[in-house]
Amino acid sequence: MILSKLAGRPVLLAAGLLAALALPWFIYPPVALDIACWALFAAAVDLLLGFTGLLSFGHAAFWGGSAYATGLIALHSGLPFPVAVLGGAAFAGVLAVPIGFLSVRLRGIYFAMVTLAFAQMVYFVSNQWRDATGGENGLQGIPREFFGVDLSDPFFFYYAALPFILVGMFVAWRIVRSPFGRVLVSIRDNPNRARALGYSIDRYKLLAFVLSAVLSGLAGGLFTIGHGFASLQGVYWTTSGQAVMMVVLGGIGTLWGGAIGAALVVELNDYLATAGFEETGIITGSIFILVVLLFRRGVWGTARDLIAARTNRERPAPEPVPKVDASV
Amino acid sequence: MLQQAFNGLVGGAFYALLALGLAVIFGMLGVVNFAHGAFYMLGAFGAFIALDSLGLNFWLALPLVPVVLGVLGVVLERLFIRRLAPLDPLYNFLFTFGLALILQDLVKRQYGVQSQPYPRPSALDGSINLGLFTYPAYQVFVLAVSVLVCGAVWVVLTRTRVGMIVRAATEKPELSRALGIDVGRWVTPVFGFGIALAGFAGVLAAPMRAVNPLMGSDLIITVFAVVVIGGLGSVFGSVAAGFAVGLVSALGNYYVPSLSQTLVFILMAAVLLWRPAGLFGREEAL
């Protein structure tokens, strides 16, 4: 019993690492990169949704905003791609400060609608500001270069990008496990009590929002370098919705679940696209609705409960689905 | 300038109708209906299908399509929304998001992304001389009908017994229940009515806007901003903000064209800074 308890985490971690390392051997490498980027994006969204109780429906602003910033740096500076990607992530963080400042004062559904509206503002600005963003055409021909090493082969670029994804995931995990993360969870569970304990909850929420935006920006920047272009699609609200969908599919509040959600959605979209079925929303929307109606703990949430029940029968009943603060 | 203002009010007419439905549904059920734009789109396609395959003209589609969509709304509420209602409002928001994806892509699969033609009703084909300028008759009709419908809903809500019950249940559901009002009984018809309103706006839009599967998906986000400006729980605030936002964006478009589309969101940010609950919202609703 104790052995399985000890073995649980490292084994899972090793399995996850192995899966991440082996991915491009089994899956078409550009698709593997998409999965990795979306997995980090989903973890960033879950950091807010699952651990702070904030459903952001506007994270496309950070993913897509960083995509443009990363693309512009890479196109015009000639600097190696990590600099461009980190610059994009920093830009997303800066963008998140005013948006977060105005949004975190609202709760639940209000927060979702307002973040969505701000993201749409970023979309319209990106569309209008043709000189910088290329408007409808987007940014094209973004180089993929690392101190003279050409990384245009998607297989190699996957391994160049993977350390950033893993560090991003680790940061998300550290945030959740830190004292700061515990405060976030307490704000999620009982904001009044957290306030009474003396925590300035808006400031905590804002910091969580900005951190989440930075990680989203990191993911969006890697995605942009990987594809060599940045487009309006990245800042459109369907991108925000897709990330939330992956989190719910994988399991809210599980952090790693989003990676499974990302793999499922990206693979499904890729499969449907190669089969010539363009209206992917019919299928992904239906699956999503089924999960929301019947399967709210998501794939990883359910699996985790089963594993826990198997390895340790003394463990108390599984945690309830994380409550999202949406008191209206 | 005056003509621009008039354009703004016509645009605002659509915002107002959609925001009204959204506000009534939110007030009664606590559901933010992400699929509202999709139902608006279905309204326009309903008018197109009625004309194209059933030979029903605009005047028949105008009452008929909203009724059909309203029934669809009732079925949806009974089958799904109701089941998710006891949970966190988040889940109904996500449910309607998935629904919007499905509806939009189903129509896209059937009709493609090209816009479908829809002629103006012949009685409203000309222009009307409004004294200072002439204006297309159909646009004048849209504005008049929208004002009329919003006014009628307002009268029903404030002057009738049904309206009183719905308002009470919207604003203080617990207290209404304690006073013996069966709140649950009114939830389904109100949801159906809100969906019907979205469909109605869609039929109105068909002769003057492009009828295509994506017509609702941009609009819905703007309507969300409108509702936030007006105050989410407030029916009056939503309608007033609808017309006001239409006006402001048309005038903005005239003076600073590059800002036209972001102006709504700038306005929203300004209102939020000043009054986090919206212009007519109550602070405790937050």
# chains A, B, ... in the order shown; residues from 1 in each chain; ligands from 1
>>> interface_residues(of="chain A", to="chain B", cutoff="7 Å", atoms="only C-alpha atoms", output="compact mmCIF listing (two decimals) with C-alpha atoms, in the first residue's frame")
# COMPACT_ATOMS: atom_id res chain seq x y z
CA LEU A 102 -10.72 45.57 -14.75
CA LEU A 106 -16.12 40.76 -11.27
CA ARG A 107 -17.06 37.21 -10.48
CA ILE A 109 -20.15 34.53 -15.36
CA MET A 113 -18.22 37.74 -20.34
CA ALA A 117 -15.27 41.20 -24.55
CA PHE A 118 -11.73 42.46 -23.87
CA MET A 121 -11.22 44.21 -28.46
CA PHE A 124 -10.48 44.10 -33.58
CA GLN A 128 -7.37 47.11 -37.90
CA GLU A 279 -17.27 21.59 -39.85
CA GLY A 281 -17.63 22.20 -34.46
CA ILE A 282 -20.42 19.66 -34.97
CA GLY A 285 -19.23 20.66 -29.80
CA SER A 286 -21.22 17.45 -29.34
CA PHE A 288 -18.04 18.83 -25.26
CA ILE A 289 -21.78 18.98 -24.51
CA VAL A 292 -20.65 18.93 -19.61
CA VAL A 324 -16.20 27.80 -9.44
CA ALA A 326 -20.05 32.19 -9.83
CA VAL A 328 -24.94 35.44 -9.10
>>> select_by_dssp(residues="segment 19-138 of chain A", states="helix (DSSP H, G or I)", output="count of residues only")
98
>>> select_by_dssp(residues="segment 74-318 of chain A", states="strand (DSSP E)", output="list in words")
Glu145, Phe146, Val149 and Asp150 of chain A
>>> residues_around(residues="segment 233-236 of chain A", least_positions_apart="4", cutoff="12 Å", atoms="only C-alpha atoms", output="MDAnalysis selection string")
(chainID A and resid 38 57:68 92 116:127 133 135:139 216:217 219:221 223:224 229 240:243) or (chainID B and resid 217:218 221)
>>> atom_distance(atom1="atom CA of Gly100 of chain A", atom2="atom CA of Leu206 of chain A")
5.6 Å
>>> residues_around(residues="Ala74 of chain A", least_positions_apart="3", cutoff="10 Å", atoms="only C-alpha atoms", output="ChimeraX atom specification")
/A:68-71,77-85,87-88,141-145,225,228
>>> closest_residue(among="A:Leu184, A:Leu49, A:Ala19, A:Ala96", to="Ala259 of chain A", atoms="only C-alpha atoms")
A:Ala19
>>> closest_residue(among="B:Val155, B:Val245, B:Ala169, B:Leu64", to="Ala196 of chain B", atoms="only C-alpha atoms")
B:Leu64
>>> residues_around(residues="Met28 of chain B", least_positions_apart="6", cutoff="10 Å", atoms="only C-alpha atoms", output="list in words")
Val166, Arg167, Ala168, Ala169, Thr170, Glu171, Lys172, Pro173, Val183, Gly184, Trp186, Val187, Thr188, Val190, Phe191 and Gly233 of chain B
>>> write_last_selection(atoms="C-alpha atoms", output="short mmCIF file (atom, residue, chain, number, x, y, z; two decimals), in the first residue's frame")
data_model
loop_
_atom_site.label_atom_id
_atom_site.label_comp_id
_atom_site.auth_asym_id
_atom_site.auth_seq_id
_atom_site.Cartn_x
_atom_site.Cartn_y
_atom_site.Cartn_z
CA VAL B 166 -41.65 37.28 -13.74
CA ARG B 167 -40.02 40.41 -12.35
CA ALA B 168 -40.36 39.21 -8.79
CA ALA B 169 -38.95 35.81 -9.70
CA THR B 170 -36.14 37.46 -11.63
CA GLU B 171 -35.08 39.82 -8.91
CA LYS B 172 -35.77 37.87 -5.73
CA PRO B 173 -36.34 34.19 -6.56
CA VAL B 183 -41.00 30.22 -9.95
CA GLY B 184 -40.19 26.98 -11.74
CA TRP B 186 -42.21 30.42 -15.48
CA VAL B 187 -38.70 29.36 -16.30
CA THR B 188 -39.48 27.35 -19.44
CA VAL B 190 -39.37 32.71 -20.41
CA PHE B 191 -36.47 30.79 -21.94
CA GLY B 233 -29.78 41.72 -14.43
#
>>> closest_residue(among="B:Gly163, B:Arg275, B:Arg209, B:Val71", to="Val24 of chain B", atoms="only C-alpha atoms")
B:Gly163
>>> decode(residues="segment 42-125 of chain A", atoms="C-alpha atoms", output="PDB file, in the first residue's frame")
ATOM      1  CA  ALA A  42      -4.846  24.553 -21.235  1.00  0.00           C
ATOM      2  CA  ALA A  43      -2.746  24.305 -18.066  1.00  0.00           C
ATOM      3  CA  ALA A  44      -2.547  28.110 -17.958  1.00  0.00           C
ATOM      4  CA  VAL A  45      -6.333  28.406 -18.308  1.00  0.00           C
ATOM      5  CA  ASP A  46      -6.832  25.717 -15.652  1.00  0.00           C
ATOM      6  CA  LEU A  47      -4.567  27.644 -13.289  1.00  0.00           C
ATOM      7  CA  LEU A  48      -7.322  30.252 -13.242  1.00  0.00           C
ATOM      8  CA  LEU A  49     -10.381  28.044 -13.683  1.00  0.00           C
ATOM      9  CA  GLY A  50      -9.514  25.107 -11.492  1.00  0.00           C
ATOM     10  CA  PHE A  51      -7.429  26.751  -8.805  1.00  0.00           C
ATOM     11  CA  THR A  52      -8.672  30.336  -8.609  1.00  0.00           C
ATOM     12  CA  GLY A  53     -12.279  29.729  -9.646  1.00  0.00           C
ATOM     13  CA  LEU A  54     -12.142  32.185 -12.535  1.00  0.00           C
ATOM     14  CA  LEU A  55     -13.466  31.135 -15.936  1.00  0.00           C
ATOM     15  CA  SER A  56     -11.594  33.293 -18.431  1.00  0.00           C
ATOM     16  CA  PHE A  57     -13.147  33.229 -21.864  1.00  0.00           C
ATOM     17  CA  GLY A  58     -10.645  35.729 -23.188  1.00  0.00           C
ATOM     18  CA  HIS A  59      -7.299  33.992 -23.104  1.00  0.00           C
ATOM     19  CA  ALA A  60      -7.059  34.193 -26.890  1.00  0.00           C
ATOM     20  CA  ALA A  61      -5.916  37.767 -26.247  1.00  0.00           C
ATOM     21  CA  PHE A  62      -2.751  36.415 -24.591  1.00  0.00           C
ATOM     22  CA  TRP A  63      -2.131  33.416 -26.817  1.00  0.00           C
ATOM     23  CA  GLY A  64      -2.783  35.434 -29.987  1.00  0.00           C
ATOM     24  CA  GLY A  65      -1.307  38.679 -28.697  1.00  0.00           C
ATOM     25  CA  SER A  66       1.922  36.870 -27.910  1.00  0.00           C
ATOM     26  CA  ALA A  67       1.758  35.184 -31.317  1.00  0.00           C
ATOM     27  CA  TYR A  68       1.947  38.599 -32.998  1.00  0.00           C
ATOM     28  CA  ALA A  69       4.593  39.923 -30.604  1.00  0.00           C
ATOM     29  CA  THR A  70       6.722  36.793 -30.996  1.00  0.00           C
ATOM     30  CA  GLY A  71       6.312  36.856 -34.751  1.00  0.00           C
ATOM     31  CA  LEU A  72       7.274  40.517 -35.016  1.00  0.00           C
ATOM     32  CA  ILE A  73      10.381  40.073 -32.861  1.00  0.00           C
ATOM     33  CA  ALA A  74      11.499  37.023 -34.838  1.00  0.00           C
ATOM     34  CA  LEU A  75      10.782  38.697 -38.180  1.00  0.00           C
ATOM     35  CA  HIS A  76      12.455  42.036 -37.546  1.00  0.00           C
ATOM     36  CA  SER A  77      15.218  41.419 -35.026  1.00  0.00           C
ATOM     37  CA  GLY A  78      16.889  38.288 -36.321  1.00  0.00           C
ATOM     38  CA  LEU A  79      17.265  37.116 -32.728  1.00  0.00           C
ATOM     39  CA  PRO A  80      17.065  33.383 -31.944  1.00  0.00           C
ATOM     40  CA  PHE A  81      13.607  31.997 -31.364  1.00  0.00           C
ATOM     41  CA  PRO A  82      13.776  31.670 -27.543  1.00  0.00           C
ATOM     42  CA  VAL A  83      14.257  35.435 -27.233  1.00  0.00           C
ATOM     43  CA  ALA A  84      11.251  36.060 -29.462  1.00  0.00           C
ATOM     44  CA  VAL A  85       9.122  33.582 -27.526  1.00  0.00           C
ATOM     45  CA  LEU A  86      10.059  35.051 -24.148  1.00  0.00           C
ATOM     46  CA  GLY A  87       9.415  38.534 -25.526  1.00  0.00           C
ATOM     47  CA  GLY A  88       5.957  37.382 -26.632  1.00  0.00           C
ATOM     48  CA  ALA A  89       5.236  35.910 -23.199  1.00  0.00           C
ATOM     49  CA  ALA A  90       6.325  39.172 -21.534  1.00  0.00           C
ATOM     50  CA  PHE A  91       4.060  41.103 -23.902  1.00  0.00           C
ATOM     51  CA  ALA A  92       1.124  38.859 -22.925  1.00  0.00           C
ATOM     52  CA  GLY A  93       1.858  39.567 -19.272  1.00  0.00           C
ATOM     53  CA  VAL A  94       1.886  43.323 -19.847  1.00  0.00           C
ATOM     54  CA  LEU A  95      -1.359  43.089 -21.814  1.00  0.00           C
ATOM     55  CA  ALA A  96      -2.914  41.117 -18.964  1.00  0.00           C
ATOM     56  CA  VAL A  97      -2.358  43.858 -16.373  1.00  0.00           C
ATOM     57  CA  PRO A  98      -5.054  46.336 -17.502  1.00  0.00           C
ATOM     58  CA  ILE A  99      -7.444  43.582 -18.651  1.00  0.00           C
ATOM     59  CA  GLY A 100      -7.001  41.702 -15.379  1.00  0.00           C
ATOM     60  CA  PHE A 101      -7.273  44.859 -13.311  1.00  0.00           C
ATOM     61  CA  LEU A 102     -10.720  45.570 -14.747  1.00  0.00           C
ATOM     62  CA  SER A 103     -11.897  41.954 -14.840  1.00  0.00           C
ATOM     63  CA  VAL A 104     -10.908  40.461 -11.470  1.00  0.00           C
ATOM     64  CA  ARG A 105     -13.316  42.742  -9.666  1.00  0.00           C
ATOM     65  CA  LEU A 106     -16.119  40.757 -11.272  1.00  0.00           C
ATOM     66  CA  ARG A 107     -17.058  37.213 -10.482  1.00  0.00           C
ATOM     67  CA  GLY A 108     -18.205  34.040 -12.183  1.00  0.00           C
ATOM     68  CA  ILE A 109     -20.154  34.526 -15.358  1.00  0.00           C
ATOM     69  CA  TYR A 110     -19.566  38.305 -15.323  1.00  0.00           C
ATOM     70  CA  PHE A 111     -15.847  37.664 -15.328  1.00  0.00           C
ATOM     71  CA  ALA A 112     -16.213  35.257 -18.265  1.00  0.00           C
ATOM     72  CA  MET A 113     -18.215  37.738 -20.340  1.00  0.00           C
ATOM     73  CA  VAL A 114     -15.936  40.667 -19.630  1.00  0.00           C
ATOM     74  CA  THR A 115     -12.710  38.799 -20.417  1.00  0.00           C
ATOM     75  CA  LEU A 116     -14.385  37.628 -23.614  1.00  0.00           C
ATOM     76  CA  ALA A 117     -15.266  41.198 -24.552  1.00  0.00           C
ATOM     77  CA  PHE A 118     -11.726  42.456 -23.869  1.00  0.00           C
ATOM     78  CA  ALA A 119     -10.279  39.669 -25.987  1.00  0.00           C
ATOM     79  CA  GLN A 120     -12.584  40.691 -28.805  1.00  0.00           C
ATOM     80  CA  MET A 121     -11.221  44.215 -28.464  1.00  0.00           C
ATOM     81  CA  VAL A 122      -7.721  42.811 -28.987  1.00  0.00           C
ATOM     82  CA  TYR A 123      -9.075  40.941 -32.012  1.00  0.00           C
ATOM     83  CA  PHE A 124     -10.484  44.099 -33.581  1.00  0.00           C
ATOM     84  CA  VAL A 125      -7.289  46.039 -32.927  1.00  0.00           C
TER      85      VAL A 125
END
